[in-house]
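Participant: So here's run24.pdb, just PDB, C-alpha atoms and all ligand atoms:
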```pdb
ATOM      1  CA  MET A 193       0.000   0.000   0.000
ATOM      2  CA  THR A 194       1.074   3.606  -0.451
ATOM      3  CA  PRO A 195       2.599   4.831   2.800
ATOM      4  CA  ARG A 196       0.167   7.568   3.859
ATOM      5  CA  GLY A 197       1.760  10.990   3.924
ATOM      6  CA  ALA A 198       5.010   9.704   2.375
ATOM      7  CA  ARG A 199       6.433  12.702   0.566
ATOM      8  CA  ALA A 200       8.418  12.906  -2.609
ATOM      9  CA  THR A 201      12.133  13.432  -2.395
ATOM     10  CA  ALA A 202      13.465  16.111  -4.705
ATOM     11  CA  VAL A 203      16.693  16.833  -6.530
ATOM     12  CA  ILE A 204      17.533  20.007  -8.446
ATOM     13  CA  ILE A 205      19.833  20.134 -11.485
ATOM     14  CA  SER A 206      20.800  23.780 -11.886
ATOM     15  CA  PRO A 207      22.795  24.584 -13.901
ATOM     16  CA  LEU A 208      21.901  21.680 -16.202
ATOM     17  CA  THR A 209      25.563  20.716 -16.539
ATOM     18  CA  GLY A 210      26.141  20.999 -12.784
ATOM     19  CA  GLN A 211      26.049  18.519  -9.945
ATOM     20  CA  PRO A 212      22.507  17.448  -8.922
ATOM     21  CA  ARG A 213      21.705  18.324  -5.308
ATOM     22  CA  LEU A 214      19.119  16.943  -2.937
ATOM     23  CA  VAL A 215      16.681  19.580  -1.671
ATOM     24  CA  ASP A 216      13.886  19.713   0.873
ATOM     25  CA  PRO A 217      10.665  19.228  -1.162
ATOM     26  CA  THR A 218       8.662  21.183   1.425
ATOM     27  CA  LEU A 219      10.637  24.380   0.702
ATOM     28  CA  PRO A 220       9.934  26.617  -2.331
ATOM     29  CA  HIS A 221      12.290  26.101  -5.284
ATOM     30  CA  VAL A 222      10.372  27.371  -8.335
ATOM     31  CA  GLY A 223      10.347  31.118  -8.978
ATOM     32  CA  LEU A 224       6.873  32.583  -9.523
ATOM     33  CA  GLU A 225       8.029  33.892 -12.901
ATOM     34  CA  ASP A 226       9.371  30.555 -14.105
ATOM     35  CA  GLN A 227       7.844  29.954 -17.527
ATOM     36  CA  ALA A 228       7.317  26.316 -16.639
ATOM     37  CA  LEU A 229       4.775  27.671 -14.174
ATOM     38  CA  THR A 230       3.402  30.669 -16.052
ATOM     39  CA  ARG A 231       3.228  29.058 -19.521
ATOM     40  CA  GLY A 232       3.627  25.308 -19.025
ATOM     41  CA  ASP A 233       6.854  25.810 -20.963
ATOM     42  CA  GLY A 234       8.975  22.792 -20.214
ATOM     43  CA  VAL A 235       9.207  19.080 -20.903
ATOM     44  CA  PHE A 236       9.110  16.072 -18.623
ATOM     45  CA  GLU A 237       9.327  12.311 -18.250
ATOM     46  CA  THR A 238       7.714   9.965 -15.737
ATOM     47  CA  LEU A 239       9.690   6.807 -14.984
ATOM     48  CA  HIS A 240       8.818   3.653 -13.096
ATOM     49  CA  VAL A 241      11.274   2.459 -10.479
ATOM     50  CA  LEU A 242      10.955  -1.061  -9.140
ATOM     51  CA  ASP A 243      13.257  -2.242  -6.343
ATOM     52  CA  GLY A 244      15.590   0.651  -7.140
ATOM     53  CA  VAL A 245      15.797  -0.094 -10.881
ATOM     54  CA  ALA A 246      14.566   2.619 -13.272
ATOM     55  CA  TYR A 247      12.851   0.803 -16.125
ATOM     56  CA  LYS A 248      13.403   1.958 -19.719
ATOM     57  CA  PHE A 249      15.811   4.656 -18.515
ATOM     58  CA  ASP A 250      17.476   4.985 -21.935
ATOM     59  CA  ALA A 251      14.134   5.263 -23.764
ATOM     60  CA  HIS A 252      12.944   7.937 -21.319
ATOM     61  CA  HIS A 253      16.176   9.881 -21.614
ATOM     62  CA  ALA A 254      16.057   9.661 -25.420
ATOM     63  CA  ARG A 255      12.466  10.968 -25.419
ATOM     64  CA  LEU A 256      13.399  13.749 -22.977
ATOM     65  CA  ARG A 257      16.202  14.816 -25.302
ATOM     66  CA  ALA A 258      13.858  14.713 -28.306
ATOM     67  CA  SER A 259      11.170  16.710 -26.442
ATOM     68  CA  ALA A 260      13.742  19.235 -25.243
ATOM     69  CA  ALA A 261      15.222  19.599 -28.747
ATOM     70  CA  ALA A 262      11.760  20.199 -30.245
ATOM     71  CA  ALA A 263      11.079  22.849 -27.596
ATOM     72  CA  GLU A 264      14.563  24.339 -28.090
ATOM     73  CA  LEU A 265      15.547  23.506 -24.541
ATOM     74  CA  PRO A 266      18.786  21.887 -23.369
ATOM     75  CA  ALA A 267      18.541  18.533 -21.598
ATOM     76  CA  PRO A 268      20.685  17.185 -18.778
ATOM     77  CA  SER A 269      22.977  14.321 -19.814
ATOM     78  CA  ALA A 270      22.036  10.722 -19.082
ATOM     79  CA  ALA A 271      24.853  10.554 -16.491
ATOM     80  CA  THR A 272      23.520  13.654 -14.700
ATOM     81  CA  CYS A 273      19.976  12.251 -14.723
ATOM     82  CA  ARG A 274      21.216   8.962 -13.280
ATOM     83  CA  THR A 275      23.073  10.775 -10.509
ATOM     84  CA  ALA A 276      19.929  12.789  -9.719
ATOM     85  CA  LEU A 277      17.846   9.620  -9.718
ATOM     86  CA  GLU A 278      20.207   7.822  -7.365
ATOM     87  CA  LEU A 279      20.285  10.783  -4.969
ATOM     88  CA  ALA A 280      16.489  10.960  -4.879
ATOM     89  CA  LEU A 281      15.997   7.215  -4.448
ATOM     90  CA  HIS A 282      18.615   6.991  -1.737
ATOM     91  CA  ALA A 283      16.683   9.550   0.312
ATOM     92  CA  ALA A 284      13.207   8.288  -0.674
ATOM     93  CA  ALA A 285      10.599   6.789   1.619
ATOM     94  CA  PRO A 286      10.210   3.035   1.126
ATOM     95  CA  GLY A 287       8.487   2.308  -2.164
ATOM     96  CA  SER A 288       4.855   1.231  -2.106
ATOM     97  CA  ARG A 289       3.920  -2.375  -2.865
ATOM     98  CA  ASP A 290       1.121  -3.475  -5.142
ATOM     99  CA  PRO A 291      -0.902  -6.094  -3.203
ATOM    100  CA  SER A 292      -2.373  -7.525  -6.419
ATOM    101  CA  ARG A 293       0.893  -7.924  -8.340
ATOM    102  CA  ASP A 294       3.561  -7.956  -5.604
ATOM    103  CA  LEU A 295       6.216  -6.831  -8.042
ATOM    104  CA  GLY A 296       8.432  -5.205  -5.407
ATOM    105  CA  ALA A 297       8.870  -1.723  -3.975
ATOM    106  CA  GLU A 298       7.705   0.870  -6.504
ATOM    107  CA  HIS A 299       8.393   4.578  -6.991
ATOM    108  CA  ALA A 300       7.204   7.062  -9.589
ATOM    109  CA  VAL A 301       9.975   9.395 -10.690
ATOM    110  CA  LYS A 302       9.275  12.625 -12.515
ATOM    111  CA  LEU A 303      12.059  14.485 -14.308
ATOM    112  CA  THR A 304      11.228  17.993 -15.530
ATOM    113  CA  VAL A 305      13.186  20.487 -17.621
ATOM    114  CA  ALA A 306      11.842  24.015 -17.094
ATOM    115  CA  ARG A 307      12.376  27.093 -19.271
ATOM    116  CA  GLY A 308      13.220  29.162 -16.177
ATOM    117  CA  THR A 309      12.478  32.819 -15.526
ATOM    118  CA  PRO A 310      12.608  35.221 -18.514
ATOM    119  CA  ASP A 311      16.047  36.466 -17.466
ATOM    120  CA  GLY A 312      17.225  33.099 -16.121
ATOM    121  CA  GLU A 313      18.454  29.770 -17.458
ATOM    122  CA  PRO A 314      16.665  26.469 -18.092
ATOM    123  CA  TRP A 315      17.010  24.063 -15.185
ATOM    124  CA  ALA A 316      15.661  20.672 -14.144
ATOM    125  CA  TRP A 317      14.315  18.887 -11.139
ATOM    126  CA  LEU A 318      13.464  15.314 -10.300
ATOM    127  CA  THR A 319      11.076  13.906  -7.710
ATOM    128  CA  ALA A 320      10.640  10.337  -6.482
ATOM    129  CA  SER A 321       7.436   9.316  -4.715
ATOM    130  CA  PRO A 322       5.733   6.071  -3.768
ATOM    131  CA  VAL A 323       3.221   4.869  -6.362
ATOM    132  CA  PRO A 324      -0.340   5.810  -5.306
ATOM    133  CA  GLY A 325      -2.863   3.118  -4.417
ATOM    134  CA  ALA A 326      -5.196   4.278  -7.236
ATOM    135  CA  THR A 327      -2.583   3.116  -9.755
ATOM    136  CA  PHE A 328      -2.571  -0.352  -8.208
ATOM    137  CA  ALA A 329      -6.381  -0.405  -8.295
ATOM    138  CA  ALA A 330      -6.327   0.459 -12.026
ATOM    139  CA  ARG A 331      -3.924  -2.420 -12.712
ATOM    140  CA  ARG A 332      -6.058  -4.835 -10.721
ATOM    141  CA  ASP A 333      -9.634  -3.731 -11.466
ATOM    142  CA  GLY A 334      -9.132  -2.087 -14.850
ATOM    143  CA  VAL A 335     -10.599   1.196 -16.046
ATOM    144  CA  SER A 336     -13.745   2.271 -17.834
ATOM    145  CA  VAL A 337     -13.020   4.795 -20.576
ATOM    146  CA  LEU A 338     -14.934   7.452 -22.447
ATOM    147  CA  LEU A 339     -13.968   8.332 -26.031
ATOM    148  CA  LEU A 340     -13.537  12.098 -26.355
ATOM    149  CA  GLU A 341     -13.002  14.001 -29.581
ATOM    150  CA  ARG A 342      -9.602  15.678 -29.860
ATOM    151  CA  GLY A 343     -11.118  18.520 -31.913
ATOM    152  CA  HIS A 344      -8.595  18.272 -34.705
ATOM    153  CA  ASP A 345      -6.511  15.496 -36.155
ATOM    154  CA  PRO A 346      -3.024  15.701 -34.555
ATOM    155  CA  ALA A 347      -1.625  13.914 -37.630
ATOM    156  CA  GLU A 348      -2.079  17.297 -39.345
ATOM    157  CA  ASP A 349       0.425  18.804 -36.864
ATOM    158  CA  ALA A 350       3.207  16.455 -37.977
ATOM    159  CA  GLY A 351       4.889  19.026 -40.262
ATOM    160  CA  LEU A 352       4.257  21.979 -37.918
ATOM    161  CA  PRO A 353       7.098  21.921 -35.375
ATOM    162  CA  TRP A 354       5.783  24.963 -33.463
ATOM    163  CA  LEU A 355       2.792  22.851 -32.415
ATOM    164  CA  LEU A 356       5.256  20.433 -30.752
ATOM    165  CA  PRO A 357       3.591  17.267 -32.125
ATOM    166  CA  GLY A 358       4.377  14.139 -30.105
ATOM    167  CA  VAL A 359       6.357  16.172 -27.550
ATOM    168  CA  LYS A 360       5.888  15.547 -23.827
ATOM    169  CA  THR A 361       5.462  19.142 -22.673
ATOM    170  CA  LEU A 362       4.274  20.306 -19.273
ATOM    171  CA  SER A 363       1.058  21.609 -20.877
ATOM    172  CA  TYR A 364      -1.238  18.851 -19.627
ATOM    173  CA  ALA A 365      -4.189  21.048 -18.606
ATOM    174  CA  VAL A 366      -6.232  19.743 -21.579
ATOM    175  CA  ASN A 367      -5.394  16.124 -20.757
ATOM    176  CA  MET A 368      -6.434  16.653 -17.129
ATOM    177  CA  ALA A 369      -9.656  18.380 -18.222
ATOM    178  CA  ALA A 370     -10.440  15.353 -20.406
ATOM    179  CA  VAL A 371     -10.024  12.998 -17.430
ATOM    180  CA  ARG A 372     -12.263  15.230 -15.288
ATOM    181  CA  HIS A 373     -14.865  15.274 -18.068
ATOM    182  CA  ALA A 374     -14.746  11.466 -18.360
ATOM    183  CA  ARG A 375     -15.172  11.190 -14.588
ATOM    184  CA  SER A 376     -18.102  13.580 -14.594
ATOM    185  CA  ARG A 377     -19.761  11.165 -17.050
ATOM    186  CA  GLY A 378     -19.135   8.154 -14.814
ATOM    187  CA  ALA A 379     -16.028   6.752 -16.580
ATOM    188  CA  GLN A 380     -12.560   6.565 -15.057
ATOM    189  CA  ASP A 381     -10.356   7.715 -17.927
ATOM    190  CA  ALA A 382     -10.473   9.352 -21.328
ATOM    191  CA  VAL A 383      -9.261   8.193 -24.740
ATOM    192  CA  PHE A 384      -8.941  10.785 -27.491
ATOM    193  CA  VAL A 385     -10.386  10.146 -30.962
ATOM    194  CA  THR A 386     -10.241  12.317 -34.075
ATOM    195  CA  SER A 387     -13.427  14.246 -34.761
ATOM    196  CA  THR A 388     -13.505  13.518 -38.490
ATOM    197  CA  ASP A 389     -12.996   9.744 -38.765
ATOM    198  CA  ARG A 390     -13.113   8.787 -35.036
ATOM    199  CA  ARG A 391      -9.653   7.269 -35.197
ATOM    200  CA  ILE A 392      -8.332   6.163 -31.788
ATOM    201  CA  LEU A 393      -5.394   8.360 -30.757
ATOM    202  CA  GLU A 394      -4.227   7.822 -27.169
ATOM    203  CA  GLY A 395      -5.387   7.960 -23.569
ATOM    204  CA  ALA A 396      -5.172  11.283 -21.705
ATOM    205  CA  THR A 397      -1.975  10.031 -20.052
ATOM    206  CA  SER A 398      -1.442   6.664 -21.734
ATOM    207  CA  SER A 399      -1.113   4.735 -24.985
ATOM    208  CA  VAL A 400      -3.861   2.405 -26.188
ATOM    209  CA  VAL A 401      -2.925  -1.203 -26.950
ATOM    210  CA  CYS A 402      -5.336  -3.978 -27.882
ATOM    211  CA  ALA A 403      -5.005  -7.707 -28.560
ATOM    212  CA  ARG A 404      -6.664  -9.798 -31.206
ATOM    213  CA  VAL A 405      -6.716 -13.544 -30.625
ATOM    214  CA  ARG A 406      -8.456 -15.457 -33.396
ATOM    215  CA  ASP A 407      -9.361 -19.146 -33.391
ATOM    216  CA  GLY A 408      -6.421 -21.032 -34.817
ATOM    217  CA  ASP A 409      -3.924 -18.233 -34.128
ATOM    218  CA  ALA A 410      -0.736 -19.563 -32.548
ATOM    219  CA  ALA A 411      -0.151 -16.255 -30.768
ATOM    220  CA  PRO A 412      -2.034 -13.005 -30.147
ATOM    221  CA  THR A 413      -1.579  -9.935 -32.344
ATOM    222  CA  LEU A 414      -1.131  -6.614 -30.558
ATOM    223  CA  LEU A 415      -2.321  -3.390 -32.163
ATOM    224  CA  THR A 416      -1.822   0.284 -31.347
ATOM    225  CA  PRO A 417      -2.481   3.546 -33.183
ATOM    226  CA  GLU A 418       0.479   4.667 -35.302
ATOM    227  CA  PRO A 419       2.810   6.465 -32.859
ATOM    228  CA  SER A 420       4.028   8.856 -35.580
ATOM    229  CA  ARG A 421       0.624  10.425 -36.246
ATOM    230  CA  GLY A 422       0.678  13.172 -33.654
ATOM    231  CA  VAL A 423       0.395  10.992 -30.553
ATOM    232  CA  LEU A 424       3.109  10.646 -27.939
ATOM    233  CA  PRO A 425       5.288   7.622 -28.768
ATOM    234  CA  GLY A 426       4.808   5.582 -25.581
ATOM    235  CA  THR A 427       7.885   3.905 -24.131
ATOM    236  CA  SER A 428       5.656   1.236 -22.523
ATOM    237  CA  GLN A 429       3.877   0.417 -25.786
ATOM    238  CA  ALA A 430       7.252   0.208 -27.541
ATOM    239  CA  ARG A 431       8.687  -2.137 -24.891
ATOM    240  CA  ILE A 432       5.590  -4.351 -24.991
ATOM    241  CA  PHE A 433       5.804  -4.562 -28.794
ATOM    242  CA  ASP A 434       9.547  -5.379 -28.706
ATOM    243  CA  ALA A 435       8.952  -8.224 -26.230
ATOM    244  CA  ALA A 436       5.888  -9.435 -28.157
ATOM    245  CA  ARG A 437       7.940  -9.627 -31.376
ATOM    246  CA  ARG A 438      10.626 -11.635 -29.561
ATOM    247  CA  HIS A 439       7.919 -14.055 -28.393
ATOM    248  CA  GLY A 440       6.666 -14.510 -31.955
ATOM    249  CA  TRP A 441       3.458 -12.522 -31.461
ATOM    250  CA  GLY A 442       2.094 -10.360 -34.243
ATOM    251  CA  VAL A 443       2.274  -6.579 -33.817
ATOM    252  CA  ASP A 444       0.571  -4.002 -35.967
ATOM    253  CA  TYR A 445      -0.053  -0.245 -36.028
ATOM    254  CA  GLY A 446      -3.433   1.461 -36.537
ATOM    255  CA  PRO A 447      -5.586   3.002 -37.761
ATOM    256  CA  LEU A 448      -7.888   1.774 -35.010
ATOM    257  CA  HIS A 449     -11.525   2.783 -34.592
ATOM    258  CA  PRO A 450     -13.960   2.356 -31.685
ATOM    259  CA  GLU A 451     -15.303  -0.902 -33.147
ATOM    260  CA  ASP A 452     -11.753  -2.328 -33.105
ATOM    261  CA  LEU A 453     -11.655  -1.798 -29.332
ATOM    262  CA  LEU A 454     -15.144  -3.235 -28.878
ATOM    263  CA  THR A 455     -14.316  -6.385 -30.849
ATOM    264  CA  ALA A 456     -10.794  -6.857 -29.441
ATOM    265  CA  SER A 457      -9.906  -9.788 -27.178
ATOM    266  CA  ALA A 458      -8.564  -7.269 -24.645
ATOM    267  CA  VAL A 459      -7.641  -3.581 -24.495
ATOM    268  CA  TRP A 460      -5.190  -1.797 -22.188
ATOM    269  CA  LEU A 461      -4.099   1.704 -21.298
ATOM    270  CA  THR A 462      -0.324   1.513 -21.004
ATOM    271  CA  SER A 463       2.025   3.979 -19.352
ATOM    272  CA  SER A 464       5.210   3.795 -17.383
ATOM    273  CA  VAL A 465       3.918   3.687 -13.804
ATOM    274  CA  ARG A 466       0.429   2.311 -14.485
ATOM    275  CA  LEU A 467       2.010  -0.513 -16.603
ATOM    276  CA  ALA A 468      -0.896  -2.236 -18.428
ATOM    277  CA  ALA A 469      -4.317  -1.337 -17.011
ATOM    278  CA  PRO A 470      -7.073  -3.426 -18.606
ATOM    279  CA  VAL A 471      -9.931  -1.458 -20.150
ATOM    280  CA  THR A 472     -13.240  -2.817 -18.867
ATOM    281  CA  SER A 473     -15.616  -0.718 -20.974
ATOM    282  CA  VAL A 474     -15.616   1.838 -23.781
ATOM    283  CA  ASP A 475     -18.417   4.438 -23.745
ATOM    284  CA  GLY A 476     -20.356   2.101 -21.436
ATOM    285  CA  HIS A 477     -19.994  -0.960 -23.692
ATOM    286  CA  PRO A 478     -18.216  -3.821 -21.891
ATOM    287  CA  VAL A 479     -14.870  -4.944 -23.289
ATOM    288  CA  PRO A 480     -13.451  -8.385 -22.490
ATOM    289  CA  THR A 481     -10.427  -8.538 -20.201
ATOM    290  CA  ASP A 482      -7.846 -11.312 -20.136
ATOM    291  CA  GLU A 483      -6.034 -11.757 -16.821
ATOM    292  CA  ARG A 484      -3.375 -13.999 -18.372
ATOM    293  CA  LEU A 485      -2.561 -11.543 -21.172
ATOM    294  CA  THR A 486      -2.464  -8.666 -18.680
ATOM    295  CA  ARG A 487       0.090 -10.576 -16.599
ATOM    296  CA  THR A 488       2.149 -11.302 -19.703
ATOM    297  CA  LEU A 489       2.132  -7.649 -20.778
ATOM    298  CA  THR A 490       3.138  -6.684 -17.216
ATOM    299  CA  ASP A 491       5.980  -9.225 -17.391
ATOM    300  CA  PHE A 492       7.037  -7.706 -20.725
ATOM    301  CA  LEU A 493       7.240  -4.316 -18.985
ATOM    302  CA  VAL A 494       8.999  -5.243 -15.768
ATOM    303  CA  GLY A 495      10.735  -8.487 -16.745
ATOM    304  CA  ALA A 496      14.476  -8.605 -17.277
TER     305      ALA A 496
HETATM  306  N1  LIG B   1       0.434   9.247 -24.188
HETATM  307  C1  LIG B   1       0.333  10.278 -23.302
HETATM  308  C2  LIG B   1      -0.462  11.486 -23.678
HETATM  309  C3  LIG B   1       0.977  10.215 -22.052
HETATM  310  O1  LIG B   1       0.889  11.235 -21.188
HETATM  311  C4  LIG B   1       1.711   9.040 -21.718
HETATM  312  C5  LIG B   1       2.404   8.918 -20.441
HETATM  313  O2  LIG B   1       2.335   9.771 -19.583
HETATM  314  C6  LIG B   1       1.772   7.997 -22.646
HETATM  315  C7  LIG B   1       1.137   8.141 -23.876
HETATM  316  C8  LIG B   1       2.517   6.731 -22.326
HETATM  317  O3  LIG B   1       3.891   6.973 -22.310
HETATM  318  P1  LIG B   1       4.897   6.015 -21.536
HETATM  319  O4  LIG B   1       4.512   4.631 -21.831
HETATM  320  O5  LIG B   1       6.221   6.374 -22.095
HETATM  321  O6  LIG B   1       4.773   6.344 -20.080
END
```
Please go through the file and, once you have read it, give me the structure as structure tokens.

Facilitator:
Amino acid sequence: MTPRGARATAVIISPLTGQPRLVDPTLPHVGLEDQALTRGDGVFETLHVLDGVAYKFDAHHARLRASAAAAELPAPSAATCRTALELALHAAAPGSRDPSRDLGAEHAVKLTVARGTPDGEPWAWLTASPVPGATFAARRDGVSVLLLERGHDPAEDAGLPWLLPGVKTLSYAVNMAAVRHARSRGAQDAVFVTSTDRRILEGATSSVVCARVRDGDAAPTLLTPEPSRGVLPGTSQARIFDAARRHGWGVDYGPLHPEDLLTASAVWLTSSVRLAAPVTSVDGHPVPTDERLTRTLTDFLVGA
């Protein structure tokens, strides 16, 4: 269970080429004029740490560098990020344990690069906190989702770098509003679809993966919307697909539509800390879940 009241530990990397230093997370560290705060102008990564091991570290660092480059921000080196991570974990409260999966002690680690104040320099910080119980509940009980229109097709943004397509920026207010809207309609999470052809895009904070198991198939086929078409390329989805390929499963990329989710053998929302949360219904229509496949996908994510 999540230790109640267990706080995050925090490390600051400022300057970005300097030595990371542990700070007291209860003290103020962000200037009120920091553009990360005033404009959501920064990029971030959320990593899963299990028994002290940061999963997919290289993939997260590569995506951080790509996000930072797209936003014309510098990024701390992988070595600096690792030092910051070790400092934070060393000081962290014991990780929380998932009673349903018993994977080990888990932390969520968030690494943020901020634009800084208008007359200042970009800087970064990292926090490590125990994984909340709600995440464990989502893994165990699954999530009901509502399909919400994205308003425009993000594939159209692909050639427009100022729109930061596929970049993990701090500007998540829309994503959070979508989750609140889904909750106000009785669902637990939101999945974006295009307004024109109702193509499945991604969850508000996750990728969408589904499995098709047909009679006579030797192995399942996993499907996900094309990561290049304006959605965030998920590190969890990529790791699941790599492992699936190694196991001789089929893997394929969209386009996916609502009926593909409704007729799938199982559907998941995947993200680094949540791992693979089974989807139990889409717009109120039940979707089958498959406990064995969910365990296998989880093993793909946290296995050696
Ligand atoms: N898509 C969005 C919009 C996200 O916010 C996230 C994770 O936060 C993902 C996909 C999944 O990314 P990852 O698997 O790298 O955590």

Participant: Could you work out how far atom O2 of ligand LIG 1 (chain B) lies from atom CA of A:Thr327, giving the answer in Å with one decimal?

Facilitator: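 That distance, rounded to one decimal, is 12.8 Å.
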
Participant: Within 8 Å of ligand LIG 1 (chain B), which residues show up when you count all atoms listed in the file? List them as a PyMOL selection string, please.

Facilitator: chain A and resi 237-239+252+360+367+394-400+423-430+462-465+467

Participant: Can you build me a table of stretch 295-326 of chain A residues sitting at most 6 Å from stretch 225-230 of chain A, with the closest atom pair per residue and its distance in Å to one decimal, using all atoms listed in the file, sorted by chain and residue number, as JSON lines?

Facilitator:
```
{"residue": "A:Ala306", "atom": "CA", "partner": "A:Ala228", "partner_atom": "CA", "distance": 5.1}
{"residue": "A:Arg307", "atom": "CA", "partner": "A:Gln227", "partner_atom": "CA", "distance": 5.6}
{"residue": "A:Gly308", "atom": "CA", "partner": "A:Asp226", "partner_atom": "CA", "distance": 4.6}
{"residue": "A:Thr309", "atom": "CA", "partner": "A:Asp226", "partner_atom": "CA", "distance": 4.1}
```

Participant: Where does the PyMOL selection byres (((chain A and resi 386) around 7) and not hetatm) land in this file, that is, which residues does it pick, as a PDB file with C-alpha atoms, in the frame of the given file?

Facilitator:
```pdb
ATOM      1  CA  GLU A 341     -13.002  14.001 -29.581  1.00  0.00           C
ATOM      2  CA  ARG A 342      -9.602  15.678 -29.860  1.00  0.00           C
ATOM      3  CA  GLY A 343     -11.118  18.520 -31.913  1.00  0.00           C
ATOM      4  CA  HIS A 344      -8.595  18.272 -34.705  1.00  0.00           C
ATOM      5  CA  ASP A 345      -6.511  15.496 -36.155  1.00  0.00           C
ATOM      6  CA  PHE A 384      -8.941  10.785 -27.491  1.00  0.00           C
ATOM      7  CA  VAL A 385     -10.386  10.146 -30.962  1.00  0.00           C
ATOM      8  CA  SER A 387     -13.427  14.246 -34.761  1.00  0.00           C
ATOM      9  CA  THR A 388     -13.505  13.518 -38.490  1.00  0.00           C
ATOM     10  CA  ASP A 389     -12.996   9.744 -38.765  1.00  0.00           C
ATOM     11  CA  ARG A 390     -13.113   8.787 -35.036  1.00  0.00           C
ATOM     12  CA  ARG A 391      -9.653   7.269 -35.197  1.00  0.00           C
ATOM     13  CA  ILE A 392      -8.332   6.163 -31.788  1.00  0.00           C
TER      14      ILE A 392
END
```

Participant: Can you pull out the residues contacting A:Ala300? Cut-off 10 Å, using all atoms listed in the file, and skip same-chain residues under 6 positions away; I want them as a short mmCIF file (atom, residue, chain, number, x, y, z; two decimals) with C-alpha atoms, in the frame of the given file.

Facilitator:
```cif
data_model
loop_
_atom_site.label_atom_id
_atom_site.label_comp_id
_atom_site.auth_asym_id
_atom_site.auth_seq_id
_atom_site.Cartn_x
_atom_site.Cartn_y
_atom_site.Cartn_z
CA ALA A 200 8.42 12.91 -2.61
CA THR A 238 7.71 9.96 -15.74
CA LEU A 239 9.69 6.81 -14.98
CA HIS A 240 8.82 3.65 -13.10
CA VAL A 241 11.27 2.46 -10.48
CA LEU A 242 10.96 -1.06 -9.14
CA ALA A 246 14.57 2.62 -13.27
CA GLY A 287 8.49 2.31 -2.16
CA SER A 288 4.86 1.23 -2.11
CA THR A 319 11.08 13.91 -7.71
CA ALA A 320 10.64 10.34 -6.48
CA SER A 321 7.44 9.32 -4.72
CA PRO A 322 5.73 6.07 -3.77
CA VAL A 323 3.22 4.87 -6.36
CA PRO A 324 -0.34 5.81 -5.31
CA SER A 464 5.21 3.80 -17.38
CA VAL A 465 3.92 3.69 -13.80
CA ARG A 466 0.43 2.31 -14.48
#
```

Participant: Return the single residue from A:Pro220, A:Pro212, A:Pro478, A:Gly408 that is closest to A:Arg274, with distances computed using only C-alpha atoms.

Facilitator: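 Result for the nearest residue to A:Arg274: A:Pro212.
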
Participant: Using atom CA of A:Lys248 and atom CA of A:Ile432 as the two end points, give the distance in Å to one decimal.

Facilitator: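 It comes out at 11.3 Å.
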
Participant: Which residue, A:Pro268, A:Gly334, A:Gly210, A:Gly325, has the smallest gap to A:Pro470 when you use all atoms listed in the file?

Facilitator: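 The answer is A:Gly334, which sits nearest to A:Pro470.
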
Participant: Would you mind telling me which residue in A:Leu224, A:Val301, A:Val383, A:Ala254 lies nearest to A:Leu461 when using only C-alpha atoms?

Facilitator: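 That would be A:Val383, the residue with the smallest distance to A:Leu461.
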
Participant: Please compute the atom CA of A:Ala374-atom CA of A:Pro480 distance, one decimal, in Å.

Facilitator: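 Interatomic distance, atom CA of A:Ala374 to atom CA of A:Pro480: 20.3 Å.
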
Participant: Would you please work out which residue, of A:Val337, A:Leu352, A:Ala284, A:Ile205, is nearest to A:His373 when using all atoms listed in the file?

Facilitator: A:Val337

Participant: Give the answer as one residue: which of A:Thr490, A:Ser363, A:Thr416, A:Thr218 has the shortest atom-to-atom distance to A:Arg293, using all atoms listed in the file?

Facilitator: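 Once distances to A:Arg293 are computed over all atoms listed in the file, the minimum belongs to A:Thr490.
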
Participant: Give the answer as one residue: which of A:Pro412, A:Gly422, A:Pro291, A:Pro417 has the shortest atom-to-atom distance to A:Gly351, using only C-alpha atoms?

Facilitator: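 Answer, going by the shortest atom-to-atom distance: A:Gly422.
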
Participant: On this file, the PyMOL selection byres (((chain A and resi 485) around 12) and not hetatm) gives some set of residues; write that set as a PyMOL selection string.

Facilitator: chain A and resi 401-405+411-414+432+436+441+457-460+468-470+480-484+486-492

Participant: Can you pull out the residues contacting A:Ala379? Cut-off 9 Å, using all atoms listed in the file, and skip same-chain residues under 3 positions away; I want them as a list in words.

Facilitator: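 Skipping anything fewer than 3 positions along the chain leaves Val335, Ser336, Val337, Leu338, Val371, His373, Ala374, Arg375, Ser376, Ala382, Ser473, Val474, Asp475 and Gly476 of chain A.
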
Participant: Find the smallest box with edges along x, y and z containing every listed atom of stretch 385-403 of chain A, then add 5 Å on each side and report centre and edge lengths in Å to one decimal, as JSON.

Facilitator:
```
{"center_x": -7.3, "center_y": 3.3, "center_z": -29.4, "size_x": 22.4, "size_y": 32.0, "size_z": 28.7}
```

Participant: Can you complete the atoms of stretch 351-355 of chain A to N, CA and C atoms and list them as a CSV table (one decimal), in the coordinates of the input?

Facilitator:
```csv
chain,number,residue,atom,x,y,z
A,351,GLY,N,3.9,18.2,-39.6
A,351,GLY,CA,4.9,19.0,-40.3
A,351,GLY,C,5.0,20.4,-39.7
A,352,LEU,N,4.3,20.6,-38.5
A,352,LEU,CA,4.3,22.0,-37.9
A,352,LEU,C,5.0,22.0,-36.6
A,353,PRO,N,6.3,22.1,-36.6
A,353,PRO,CA,7.1,21.9,-35.4
A,353,PRO,C,6.7,22.9,-34.2
A,354,TRP,N,6.2,24.0,-34.5
A,354,TRP,CA,5.8,25.0,-33.5
A,354,TRP,C,4.6,24.5,-32.7
A,355,LEU,N,3.9,23.4,-33.2
A,355,LEU,CA,2.8,22.9,-32.4
A,355,LEU,C,3.3,21.7,-31.5
```
